[in-house]
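> This is the content of entry-v9.cif (mmCIF, C-alpha atoms):
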data_work
loop_
_atom_site.label_atom_id
_atom_site.label_comp_id
_atom_site.auth_asym_id
_atom_site.auth_seq_id
_atom_site.Cartn_x
_atom_site.Cartn_y
_atom_site.Cartn_z
CA MET J 20 -7.80 -6.06 -11.44
CA ASP J 21 -5.17 -8.75 -11.83
CA PHE J 22 -5.10 -11.54 -9.24
CA GLY J 23 -1.67 -12.73 -8.19
CA LEU J 24 0.25 -14.89 -5.76
CA LYS J 25 2.72 -12.25 -4.55
CA SER J 26 0.02 -9.63 -3.97
CA PHE J 27 -3.63 -10.67 -3.74
CA LEU J 28 -4.61 -8.26 -6.50
CA THR J 29 -3.16 -5.39 -8.46
CA ILE J 30 -5.44 -2.56 -9.58
CA SER J 31 -4.80 -0.65 -12.80
CA ASP J 32 -4.29 2.61 -10.86
CA GLY J 33 -1.14 1.07 -9.31
CA ARG J 34 -2.60 0.01 -5.96
CA LYS J 35 -1.61 -3.45 -4.71
CA GLU J 36 -3.48 -5.39 -2.04
CA PRO J 37 -1.22 -7.74 -0.05
CA ALA J 38 -2.31 -11.34 0.43
CA PRO J 39 -2.96 -12.13 4.12
CA GLN J 40 -2.74 -15.97 3.82
CA PRO J 41 -4.41 -16.88 7.16
CA LEU J 42 -3.72 -20.60 6.75
CA LYS J 43 0.01 -20.03 6.26
CA GLN J 44 0.10 -17.83 9.38
CA ALA J 45 -1.60 -20.54 11.46
CA LEU J 46 0.30 -23.60 10.18
CA LYS J 47 2.43 -24.08 13.32
CA GLN J 48 -0.58 -23.73 15.58
CA LEU J 49 -2.57 -26.09 13.33
CA ALA J 50 0.18 -28.72 13.46
CA LYS J 51 0.29 -28.47 17.26
CA VAL J 52 -3.49 -28.92 17.60
CA ASN J 53 -3.43 -31.85 15.13
CA ARG J 54 -0.64 -33.54 17.11
CA ASN J 55 -2.61 -33.03 20.31
CA LEU J 56 -5.66 -34.69 18.72
CA SER J 57 -3.64 -37.67 17.47
CA THR J 58 -2.41 -38.49 21.00
CA LYS J 59 -5.93 -38.81 22.43
CA GLN J 60 -7.64 -42.17 22.79
CA ARG J 61 -10.57 -42.76 20.44
CA GLY J 62 -13.97 -42.31 22.07
CA SER J 63 -12.62 -40.35 25.04
CA ASN J 64 -13.84 -36.94 26.25
CA ASN J 65 -10.33 -35.53 25.79
CA ARG J 66 -10.39 -36.56 22.10
CA ARG J 67 -13.78 -34.86 21.69
CA LYS J 68 -12.37 -31.65 23.23
CA ALA J 69 -9.27 -31.81 21.02
CA ARG J 70 -11.45 -32.32 17.93
CA LYS J 71 -13.50 -29.24 18.90
CA ASN J 72 -10.29 -27.22 19.32
CA LEU J 73 -9.17 -28.24 15.83
CA ALA J 74 -12.56 -27.34 14.33
CA ARG J 75 -12.49 -23.99 16.16
CA LEU J 76 -9.06 -23.19 14.72
CA HIS J 77 -10.18 -24.07 11.17
CA ARG J 78 -13.25 -21.85 11.64
CA THR J 79 -11.04 -18.98 12.84
CA ILE J 80 -8.81 -19.31 9.76
CA ALA J 81 -11.85 -19.32 7.44
CA ASN J 82 -13.34 -16.30 9.24
CA ARG J 83 -10.11 -14.30 8.88
CA ARG J 84 -10.06 -15.02 5.14
CA LYS J 85 -13.74 -14.13 4.76
CA ASP J 86 -13.30 -10.91 6.76
CA PHE J 87 -10.47 -9.80 4.45
CA HIS J 88 -12.56 -10.67 1.37
CA PHE J 89 -15.66 -8.79 2.59
CA LYS J 90 -13.74 -5.65 3.58
CA LEU J 91 -11.83 -5.53 0.29
CA ALA J 92 -14.91 -6.30 -1.85
CA ARG J 93 -16.97 -3.63 -0.07
CA ASN J 94 -14.19 -1.08 -0.55
CA LEU J 95 -13.85 -1.86 -4.27
CA ALA J 96 -17.61 -1.90 -4.94
CA HIS J 97 -18.03 1.50 -3.28
CA ASN J 98 -15.04 3.14 -4.98
CA TYR J 99 -15.52 1.96 -8.59
CA ASN J 100 -18.47 1.96 -11.00
CA ALA J 101 -17.13 -0.94 -13.06
CA ILE J 102 -14.64 -3.67 -12.23
CA ALA J 103 -12.94 -5.92 -14.77
CA ILE J 104 -11.44 -9.21 -13.57
CA GLU J 105 -10.01 -12.31 -15.20
CA ASP J 106 -12.04 -15.52 -15.38
CA LEU J 107 -9.52 -17.69 -13.53
CA ASN J 108 -8.89 -21.40 -14.03
CA LEU J 109 -8.78 -22.19 -10.31
CA SER J 110 -8.37 -25.96 -10.65
CA GLY J 111 -5.37 -25.44 -12.94
CA MET J 112 -3.88 -22.91 -10.52
CA LYS J 113 -4.36 -25.34 -7.61
CA ALA J 114 -2.56 -28.04 -9.59
CA LEU J 115 0.41 -25.68 -10.09
CA TRP J 116 0.59 -23.89 -6.74
CA GLY J 117 -1.49 -26.08 -4.41
CA ARG J 118 -2.31 -24.87 -0.92
CA LYS J 119 -1.42 -21.22 -1.56
CA VAL J 120 -4.22 -20.79 -4.11
CA SER J 121 -6.72 -22.36 -1.70
CA ASP J 122 -5.46 -20.12 1.10
CA LEU J 123 -5.97 -16.98 -0.99
CA GLY J 124 -9.54 -18.04 -1.85
CA PHE J 125 -9.92 -16.28 -5.21
CA GLY J 126 -13.22 -18.05 -6.01
CA GLY J 127 -14.80 -17.04 -2.71
CA PHE J 128 -13.61 -13.46 -3.17
CA VAL J 129 -15.15 -13.20 -6.65
CA SER J 130 -18.51 -14.41 -5.28
CA ILE J 131 -18.39 -11.86 -2.46
CA LEU J 132 -17.33 -9.11 -4.90
CA GLU J 133 -20.26 -9.90 -7.22
CA HIS J 134 -22.66 -9.79 -4.26
CA GLN J 135 -21.29 -6.42 -3.05
CA ALA J 136 -21.40 -5.06 -6.61
CA THR J 137 -25.13 -5.84 -6.95
CA LYS J 138 -25.77 -3.94 -3.71
CA THR J 139 -23.94 -0.81 -4.92
CA GLY J 140 -24.82 -0.92 -8.64
CA CYS J 141 -21.23 -1.62 -9.68
CA SER J 142 -20.72 -3.61 -12.91
CA ILE J 143 -18.48 -6.69 -12.93
CA VAL J 144 -16.92 -7.76 -16.23
CA LYS J 145 -15.10 -11.08 -16.56
CA ILE J 146 -12.35 -11.17 -19.17
CA ASP J 147 -11.65 -14.41 -21.03
CA ARG J 148 -8.94 -16.48 -19.31
CA TRP J 149 -7.05 -16.83 -22.61
CA PHE J 150 -6.69 -13.05 -23.05
CA PRO J 151 -2.89 -12.40 -22.94
CA SER J 152 -3.11 -9.72 -20.25
CA SER J 153 0.43 -10.26 -18.87
CA LYS J 154 2.14 -10.76 -22.24
CA LEU J 155 0.54 -7.80 -24.03
CA CYS J 156 2.44 -4.50 -23.85
CA SER J 157 0.03 -1.86 -22.53
CA SER J 158 1.88 0.83 -24.48
CA CYS J 159 2.47 -0.51 -28.00
CA GLY J 160 0.34 -3.68 -28.11
CA ILE J 161 3.10 -6.18 -28.95
CA ILE J 162 2.69 -9.65 -27.39
CA ASN J 163 5.79 -11.02 -25.64
CA GLU J 164 5.61 -14.78 -26.34
CA GLN J 165 8.82 -15.51 -24.39
CA LEU J 166 7.40 -14.26 -21.07
CA SER J 167 7.46 -16.99 -18.41
CA LEU J 168 5.71 -17.17 -15.04
CA ARG J 169 8.99 -16.38 -13.26
CA ASP J 170 9.39 -13.01 -14.99
CA ARG J 171 8.01 -10.34 -12.65
CA GLU J 172 9.27 -7.48 -14.88
CA TRP J 173 9.92 -7.42 -18.59
CA ALA J 174 11.19 -4.91 -21.13
CA CYS J 175 9.26 -4.33 -24.35
CA ASP J 176 10.83 -3.49 -27.72
CA CYS J 177 9.21 -0.04 -27.46
CA GLY J 178 11.54 0.71 -24.51
CA LEU J 179 9.04 0.42 -21.65
CA VAL J 180 9.81 -1.81 -18.65
CA HIS J 181 6.63 -3.41 -17.30
CA ASP J 182 5.73 -4.67 -13.87
CA ARG J 183 3.97 -7.90 -14.88
CA ASP J 184 0.94 -7.49 -12.57
CA LEU J 185 0.37 -3.78 -13.22
CA ASN J 186 0.68 -4.29 -16.98
CA ALA J 187 -1.89 -7.12 -16.79
CA ALA J 188 -4.26 -4.93 -14.72
CA ILE J 189 -4.07 -2.14 -17.31
CA ASN J 190 -4.77 -4.58 -20.15
CA ILE J 191 -7.70 -6.12 -18.22
CA GLN J 192 -9.04 -2.59 -17.65
CA ARG J 193 -8.99 -1.87 -21.38
CA ALA J 194 -10.59 -5.20 -22.27
CA GLY J 195 -13.29 -4.57 -19.64
CA ALA J 196 -13.96 -1.09 -21.00
CA SER J 197 -14.32 -2.56 -24.48
CA ALA J 198 -16.69 -5.29 -23.23
CA LEU J 199 -18.89 -2.66 -21.57
CA GLY J 200 -18.81 -0.49 -24.71
CA LEU J 201 -17.01 2.30 -22.82
CA GLY J 202 -13.67 2.28 -24.56
CA ASP J 203 -11.31 0.49 -26.89
CA VAL J 204 -8.97 -2.45 -26.27
CA ARG J 205 -6.19 -0.91 -28.34
CA PRO J 206 -3.24 0.53 -26.38
CA GLY J 207 -3.01 4.30 -26.31
CA SER J 208 -6.74 4.88 -25.94
CA ASN J 209 -8.08 6.45 -22.75
CA PRO J 210 -10.20 3.83 -20.96
CA ALA J 211 -13.41 4.95 -19.29
CA ILE J 212 -13.27 2.70 -16.24
CA ALA J 213 -10.88 2.82 -13.33
CA VAL J 214 -10.43 -0.91 -12.73
#
Output the file's structure in the form of C-alpha cells.

Amino acid sequence: MDFGLKSFLTISDGRKEPAPQPLKQALKQLAKVNRNLSTKQRGSNNRRKARKNLARLHRTIANRRKDFHFKLARNLAHNYNAIAIEDLNLSGMKALWGRKVSDLGFGGFVSILEHQATKTGCSIVKIDRWFPSSKLCSSCGIINEQLSLRDREWACDCGLVHDRDLNAAINIQRAGASALGLGDVRPGSNPAIAV
C-alpha cells in the first residue's frame, strides 16, 4: 500500500481509498464555534457551554477519522494475508503539508492496522522510507531521478506510463514479498502477496 495525499492509500491491485478529511469538512463549523466562544465573558456559564460545544465538535471530528481508520483497517486485515507499507516520516510530511497530514492521521491508521492484523493473523511489513518506491519503474527497474512530487504520472524509457501511486504500491508489494521471503524485489517476478 502506498499512502498519499490525493487518495488516502493506493493498493497494488489498483484499488484507491479516498481520503475523507473530517477536519477539512468541518472547518467552517469549527470557525463558527470558535468565534462564538471568543465572544463569551470569561468565567461565565455561557463561556463554559461554548467551550463544551467546541470540545464536542473536536471529539466528533476525531471519531469520524477513527471510524474510517477502523473500518478500512478491518477490511484490509480480513482480505489480505500480508500487507506491506512504507515507514513514513510523519514529522517531515507535516512540515511540508501541515494540517492535511494531521487530518489524514497516517500514524493512527498504522497503529489500528497493526492491531487488526494481530487479531486476524495478517503480517505487516514496513518498507524502509528511503526505498525509491515512486521513482522505480515497476516494469524494467530503472530509477527516474528527475521525478518531482508534482508529477502524478511519468513515462519510463521502456515505454510504460506510470500512475505514481500505483507504481509505488506495486514496488512496495515486491519489497514486502522479498522481506517476508515470499518473492523477489526485481521487476518482472510474480510477487506472492497481494498488498
> I'd like the contact shell of segment 84-94 of chain J - 6 Å cut-off, only C-alpha atoms, skipping same-chain residues fewer than 4 positions apart - returned as a ChimeraX atom specification.
/J:128,132,135
> Once the PyMOL selection byres ((chain J and resi 34) around 12) has been evaluated on this model, what residues remain selected, and can you format them as a ChimeraX atom specification?
/J:20-21,26-33,35-37,95,184-185,188-189,213-214
> Please dump the current selection as a short mmCIF file (atom, residue, chain, number, x, y, z; two decimals), keeping the file's coordinate frame; keep C-alpha atoms.

data_model
loop_
_atom_site.label_atom_id
_atom_site.label_comp_id
_atom_site.auth_asym_id
_atom_site.auth_seq_id
_atom_site.Cartn_x
_atom_site.Cartn_y
_atom_site.Cartn_z
CA MET J 20 -7.80 -6.06 -11.44
CA ASP J 21 -5.17 -8.75 -11.83
CA SER J 26 0.02 -9.63 -3.97
CA PHE J 27 -3.63 -10.67 -3.74
CA LEU J 28 -4.61 -8.26 -6.50
CA THR J 29 -3.16 -5.39 -8.46
CA ILE J 30 -5.44 -2.56 -9.58
CA SER J 31 -4.80 -0.65 -12.80
CA ASP J 32 -4.29 2.61 -10.86
CA GLY J 33 -1.14 1.07 -9.31
CA LYS J 35 -1.61 -3.45 -4.71
CA GLU J 36 -3.48 -5.39 -2.04
CA PRO J 37 -1.22 -7.74 -0.05
CA LEU J 95 -13.85 -1.86 -4.27
CA ASP J 184 0.94 -7.49 -12.57
CA LEU J 185 0.37 -3.78 -13.22
CA ALA J 188 -4.26 -4.93 -14.72
CA ILE J 189 -4.07 -2.14 -17.31
CA ALA J 213 -10.88 2.82 -13.33
CA VAL J 214 -10.43 -0.91 -12.73
#
> Take the PyMOL selection byres ((chain J and resi 175) around 12), apply it to the structure above, and return the hits as JSON, numbers by chain.
{"J": [153, 154, 155, 156, 157, 158, 159, 160, 161, 162, 163, 164, 165, 166, 172, 173, 174, 176, 177, 178, 179, 180, 181, 182, 183, 186]}
> Applied to the shown file, which residues does the PyMOL selection byres ((chain J and resi 24) around 9) return, written as number ranges by chain?
J: 22-23, 25-28, 38, 119-120, 123
> Expressed in Å to a single decimal, how great is the separation between atom CA of Ile104 of chain J and atom CA of Gly117 of chain J?
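Taking atom CA of Ile104 of chain J as the start and atom CA of Gly117 of chain J as the end point, the length is 21.6 Å.
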> Just to confirm, what's the straight-line distance from atom CA of Arg78 of chain J to atom CA of Arg118 of chain J in Å (one decimal)?
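Atom-to-atom, atom CA of Arg78 of chain J and atom CA of Arg118 of chain J are spaced 16.9 Å apart.
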